[in-house]
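Notes to accompany the following structure.
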Amino acid sequence: MTLLEVLTALVILGTAGSSLVALQAEAVRAETRAEEEERLLDRARWLLTGLTLLNRQGLDLRLGSHEAEGLVVSVQRPEPTLYRLSVQDSNLREIVLVTVVYRPEIRP
């Protein structure tokens with residue numbers, strides 16, 4: 001009878017141990033994904049910051065979409081004085097960051 005109790009305890013302990021190992025592995029994968037997304041956001045933030053510092057002529061030169069640092073940067077002008085700037089992941093095609101900037105018209 002004691003041997004049966006010991007075997008039952010070992011099965012319970014083994015099941016709990018394997019569940020903990022699986023949980024730890026999933027936690028490591030989640031942390032890795034979070035770090036990758038953070039690096040992606042950091043690159044996108046630097047690109048978007050650089051774009052927002054451009055004047056009207058600089059933004060006009062960059063109208064459309066182009067690839068930079070593994071990301072797709074898109075500059076659109078929905079209104080004569082507004083520019084929509086977005087950064088997408090080139091693999092997933094998800095928009096990572098987007099903003100709209102105002103640049104007044106140049107008067108002669």
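We label chains A, B, ... in the order they appear in the structure tokens, count residues from 1 in each chain, and number ligands from 1 in the order shown.
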
> Quick one: DSSP helix (DSSP H, G or I) residues in chain A, as a PyMOL selection string?
Replying inline: chain A and resi 2-52+56-61

> If you run DSSP on this backbone, which residues of chain A come out as strand (DSSP E or B), and could you give them as a VMD selection string?
Replying inline: chain A and resid 64 to 68 71 to 79 82 to 89 95 to 102

>> Quick one: residues within 9 Å of segment 46-56 of chain A, only C-alpha atoms, excluding same-chain residues fewer than 4 positions away - as JSON, numbers by chain?
In response: {"A": [41, 42, 60, 61, 68, 69, 73, 75, 81, 83, 85, 86, 87, 97, 98, 99, 100, 101, 102, 103, 104, 105, 106]}

> Can you tell me, as an NGL selection string, what residues are no more than 12 Å from Gly70 of chain A when counting only C-alpha atoms, ignoring any on the same chain fewer than 6 positions away?
Replying inline: :A and (39-40 or 43-44 or 47 or 87-93)

> What is the atom CA of Ala34 of chain A to atom CA of Thr15 of chain A distance in Å?
Replying inline: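 Computing the Euclidean distance for atom CA of Ala34 of chain A and atom CA of Thr15 of chain A yields 28.8 Å.
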